[in-house]
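I have placed the structure first, in the form of C-alpha cells, so that the comments after it can refer back to it.
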Amino acid sequence: MKKKEKKINRRQFVKQTTKGFVGVHMASILPASLLAASGFTSAEASSFHGVCYHDCPDSCSWVVKVQKGKVISFGGDKANPFTAGKLCGKMDTFPQDITYHSDRLLTPMKRVGKKGEGKFEPISWEKAIQEIGNQLKETIKRHGSESILSHGYMGTQSLVQKSVMSSRFFARMEASVISHTICGGAVIPANFQVNGTVMGVLPEDMVHSRYIILWGTNTKNSNIHQWPYVLKARKSGAKIIVIDPFVSATAKEADWHIQPLPGTDVALAMGMINIMIDEGLVDQDYIDNYTLGYKDLKEHVKSYDPKSVSDICGLQEEDIIQLAREYANGEPSLIRILVGIEHNYNGGDGTRAVAILPSLTGAWRKLGGGLMHLTFEMGGRALNWERLSYHRQMPTQPKRKLNMVQIGQILNNADLNPAIKSIFIFNSNPMVTTPNANLTKKGLEREDLLTVVLEHFMTETAKYADYVFPATTQLEHWDIGDSWGQVYININQPAIAPLGEAKSNSEFFRLMALEMNYTEECFEESDKDIVKSAFDSDHPYLEGIDFDYMQKHGWARYKIPEPFLPHADGNFETASGKCEFISPSRGLPKYKEVSYTNEEKAKYPLQLLTIKNTKGFHNSSHANIKHLQQKEGRLRLDIHPEDSNARNIQNGDELMVFNQRGKVLLKAKVTKRTRPGVICMPHGFWPSLTKGGQVSNNLTDDRLTDIGGGAALQDCRVQVTKT
C-alpha cells in the first residue's frame with residue numbers, strides 16, 4: 001500500500017483529543033426471549049456489528065439482529081476476547097432504553113416558551129436550518145466568527161459522530177471551540193511531561209503483574225472488562241492494593257485499601273519515593289541510563305519524610321513505609337491510573353509523581369511491570385487521522401479555544417472579545433456534567449444567545465435551546481469505535497434506518513455547511529466513506545485490517561509487537577528520550593495546599609467528593625430511564641458517623657448540602673465508606689428528576705487543576721444540615 005502522507009503528527013493528535021415532544025407511535029422492540037412467539041428465528045435475521053459509544057475504557061463490541069427493520073436481539077459480541085460478549089448493566093437493554101424509548105425526540109423542535117421551560121413546537125428540518133443559517137450569517141457579520149462556539153464532547157466516543165464533520169464545519173467557519181479538559185485534562189499532559197506518552201502496560205498484560213496498585217480507579221464498576229485480568233493476576237499470586245479516598249466497590253475487594261485524604265496523592269507518591277531512595281530500593285542502573293533529574297529528585301523528596309506525608313495524607317507512617325517497600329520489591333509491580341487522580345488542584349503533579357515511580361524501580365523491564373494508563377494513541381498512530389478529523393482544505397488549528405470546565409464563566413462574560421453569541425451543543429449535557437452548573441444555567445438563559453442542541457431526549461441542557469434536533473442513535477449510523485482503555489478497534493454498522501426524522505450528527509453539519517454556502521468537497525463525504533478512509537493506512541498496527549475485514553468481523557486487535565515492553569530499554573518519547581523526573585517548565589512535583597478563605601472554612605467545613613458511583617447512569621446518560629432510576633434509588637449522601645453525630649443525622653434523614661453556589665436535597669447514608677470530614681455524592685442525576693432541582697455540579701467549583709486546565713471538582717467545600 002502506498003504510504004499516506006499525514007499533516008497531523010502524534011503529539012498534535014493527542015492535543016486535540018483531550019417526556020418526548022413527538023406524537024409518533026414507537027414500534028416496540030422484541031427481546032430475544034420472544035423470538036419464537038413472534039414467528040421469527042435467529043437464522044432469518046440480519047446481523048450487524050456495533051460498538052458501545054460511551055466515554056468508557058471498555059468500548060464493548062456488540063451484535064444486533066434485525067428482522068423487517070426492527071431490532072429483535074441485541075448483545076455483546078462473544079467473539080471479542082476482551083469484552084467477551086458481556087455488556088454492562090447500563091447497556092444490556094440499550095435498544096429499549098434509548099433507540100425505541102417513547103420519549104425519544106424524533107422531529108426538530110423550536111422553542112416557544114422561556115429558556116428552561118421546555119416548551120417547544122415542531123419545525124421542519126429545512127426551515128430550522130434556514131433560520132439558524134440566517135442568524136449565524138448576521139452574527140458573523142456583527143460580531144465575527146469567533147462569537148460562535150462549538151461545544152461537542154464525548155457523549156459519543158465513536159470517532160465519526162463525535163467530531164469529524166463538526167470539526168470541518170467549525171474550522172471552515174473559524175469559530176471558537178471548546179477544549180476537552182474536563183476529563184483527562186490534567187493526567188494526559190502530566191504523563192506526557194514525564195514519559196512522553198500515555199501508552200504503557202497493555203491491559204491484558206496485567207496478568208503478569210504480581211503487585212498491582214489501582215490508584216484512583218474503581219475498576220470493578222467502571223472498567224468491568226479489566227477486572228477479570230485483576231482477578232487472574234491475583235489467582236497467580238498478585239497482591240491488589242487500592243488507593244482511593246472512598247471505599248469503592250473495588251476497594252472492598254482489595255487485599256489492602258489505602259485511604260488518603262482527597263487531593264494528597266502527590267504527597268503520598270513523593271513519600272514513597274523518599275523511602276525507596278533512602279532505603280536503596282531503586283534500580284540505579286535503570287535510573288542512570290534512562291532517566292533525567294534524579295539528583296534533583298533525591299534532594300527534593302527529603303521534605304516528604306514519613307511524618308510529613310502522614311500529616312498531609314492522614315495516613316499512618318508505617319502504612320506509607322510498608323507501601324513503598326512492597327511496591328519497590330514487587331516482581332513485577334504495576335500501577336493502574338485513570339482520571340480519578342486528577343480531579344483536584346494537585347491533579348497534574350499527582351499524576352507526574354505517580355508516573356515517576358516505575359522508572360525508579362526499573363519496573364518497565366519486565367512484562368506486566370510499569371504504568372498502565374490510556375491506549376488511545378494506538379488509534380492515533382494507526383488510523384488515517386487526517387481523513388477523520390481534518391481535511392486538506394481545512395485549517396488544522398482553531399482560532400480560539402475556550403475551557404469547557406468554565407463554560408459558565410464563558411457564557412456570562414460580556415467582556416470576552418468577542419463574547420459568545422451562539423453555541424452549538426452536541427454529544428454533551430453541560431447542565432449536568434460541568435461544574436458550577438447554576439452559573440452555566442444563567443448563561444444559557446440569555447435571550448441573546450442562539451443555542452442549538454443535537455440530542456436523543458429533552459435533557460436539562462436541551463430545555464434551554466432555541467432549536468433541538470433529533471440525533472440518530474448508535475444503531476442507526478456508521479461509525480468507528482476506538483478505545484482509550486484497550487487495544488481493539490471496532491466498526492459500527494447501521495442496523496436499522498433512523499427512526500422518525502432523526503439524522504446523524506454528520507448529516508446535521510453537512511446541511512449547515514450547505515446553508516452557509518461552504519462548497520468544499522469534504523462536506524460531501526458520506527459517513528461510510530469516512531469510515532472506509534480511516535483504515536486507508538499502512539501503519540503496522542493495521543496490517544491485514546481494512547474496511548472489508550472490519551465489515552466481516554466487526555472488530556480487530558491492533559497488530560502490536562509482542563511482548564510489548566515499550567520502556568524496557570528506555571525509549572521514552574520525551575524530548576530527551578528519557579523519563580523526565582523534572583520538568584523544564586514546572587520543576588519537580590510538589591504538594592500544594594488548596595487555598596480557602598477563613599470564611600469558607602468556617603461556613604463550609606466538609607469536603608465533598610462527587611464521583612461516578614451510580615450503577616445505571618453513565619455521566620448524565622440513561623439518568624432519565626425509569627428502571628435504571630429505580631435501580632439507583634434516591635440521590636444520597638455518604639457521611640461518616642462522626643460527621644452525622646455532630647449534626648444529629650440518622651440514616652435515611654432528609655438533608656440539605658449547600659455552599660455559596662447551590663444547595664442539594666437528598667437522603668443520608670451514614671457509613672464509614674468516607675473519612676471524617678469528607679462526604680460523597682454520586683454524579684449523573686438530572687436536576688429536573690431530583691427533589692429540589694439541583695445535583696452535585698450545582699455545588700462544585702470551576703477552579704482548574706495545576707496542569708492542563710482540568711476540573712478540580714473534588715476541591716469543593718460544603719455544609720450539611722437536616723431539613
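FYI, nothing fancy with the C-alpha cells labels: chains A, B, ... in order, residues from 1 per chain, ligands from 1 as they appear.
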- Looking only at the backbone, which of the residues in stretch 165-236 of chain A does DSSP tag as helix (DSSP H, G or I), as a ChimeraX atom specification? /A:165-173,187-195,203-208,219-222,227-235
Limited to C-alpha atoms, could you put the picked residues into a file as an mmCIF file, in the first residue's frame?
```cif
data_model
loop_
_atom_site.group_PDB
_atom_site.id
_atom_site.type_symbol
_atom_site.label_atom_id
_atom_site.label_comp_id
_atom_site.auth_asym_id
_atom_site.auth_seq_id
_atom_site.Cartn_x
_atom_site.Cartn_y
_atom_site.Cartn_z
ATOM 1 C CA MET A 165 -17.967 16.738 10.154
ATOM 2 C CA SER A 166 -18.402 19.190 13.028
ATOM 3 C CA SER A 167 -14.623 19.784 13.105
ATOM 4 C CA ARG A 168 -14.647 20.593 9.399
ATOM 5 C CA PHE A 169 -17.674 22.873 9.735
ATOM 6 C CA PHE A 170 -16.364 24.959 12.617
ATOM 7 C CA ALA A 171 -12.846 25.051 11.194
ATOM 8 C CA ARG A 172 -14.252 26.407 7.934
ATOM 9 C CA MET A 173 -16.258 28.983 9.891
ATOM 10 C CA VAL A 187 -3.497 13.387 33.624
ATOM 11 C CA ILE A 188 -2.671 13.336 29.913
ATOM 12 C CA PRO A 189 -0.298 16.330 29.743
ATOM 13 C CA ALA A 190 1.174 15.385 33.128
ATOM 14 C CA ASN A 191 2.075 11.879 32.000
ATOM 15 C CA PHE A 192 3.425 13.322 28.771
ATOM 16 C CA GLN A 193 5.745 15.564 30.756
ATOM 17 C CA VAL A 194 7.245 12.518 32.476
ATOM 18 C CA ASN A 195 7.084 9.734 29.897
ATOM 19 C CA PRO A 203 -4.484 -4.262 29.657
ATOM 20 C CA GLU A 204 -4.097 -7.994 29.018
ATOM 21 C CA ASP A 205 -0.522 -7.968 30.311
ATOM 22 C CA MET A 206 -1.753 -7.197 33.801
ATOM 23 C CA VAL A 207 -1.959 -10.963 34.322
ATOM 24 C CA HIS A 208 1.840 -10.995 34.560
ATOM 25 C CA THR A 219 -12.044 -0.837 38.186
ATOM 26 C CA LYS A 220 -14.738 -3.286 39.256
ATOM 27 C CA ASN A 221 -17.531 -0.826 38.396
ATOM 28 C CA SER A 222 -16.134 1.478 35.739
ATOM 29 C CA TRP A 227 -11.493 -6.636 36.357
ATOM 30 C CA PRO A 228 -11.115 -10.293 35.216
ATOM 31 C CA TYR A 229 -7.450 -9.586 34.499
ATOM 32 C CA VAL A 230 -7.064 -8.241 38.039
ATOM 33 C CA LEU A 231 -8.586 -11.441 39.416
ATOM 34 C CA LYS A 232 -6.478 -13.632 37.157
ATOM 35 C CA ALA A 233 -3.326 -11.876 38.353
ATOM 36 C CA ARG A 234 -4.416 -12.343 41.955
ATOM 37 C CA LYS A 235 -5.007 -16.065 41.336
#
```
Report as JSON lines the residues of stretch 250-366 of chain A within 6 Å of stretch 711-718 of chain A, each with its shortest atom pair and distance in Å (one decimal), using only C-alpha atoms, ordered by chain and increasing residue number.
```
{"residue": "A:His343", "atom": "CA", "partner": "A:Ala712", "partner_atom": "CA", "distance": 4.5}
{"residue": "A:Asn344", "atom": "CA", "partner": "A:Ala712", "partner_atom": "CA", "distance": 3.9}
{"residue": "A:Tyr345", "atom": "CA", "partner": "A:Ala712", "partner_atom": "CA", "distance": 5.2}
```
**Report entry** strand (DSSP E) call set, DSSP backbone run, stretch 341-463 of chain A, as an MDAnalysis selection string
**Finding:** chainID A and resid 370:372 400:403 422:426 450:455
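Taking atom CA of A:Gly293 and atom CA of A:Ser333 as the two end points, the separation is 22.4 Å.
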A straight line from atom CA of A:Tyr541 to atom CA of A:Arg336 spans 23.7 Å
Shortest contact to A:Glu524, candidates A:Ser621, A:Gly481, A:Ile423, A:Arg510, atoms counted only C-alpha atoms, goes to A:Arg510
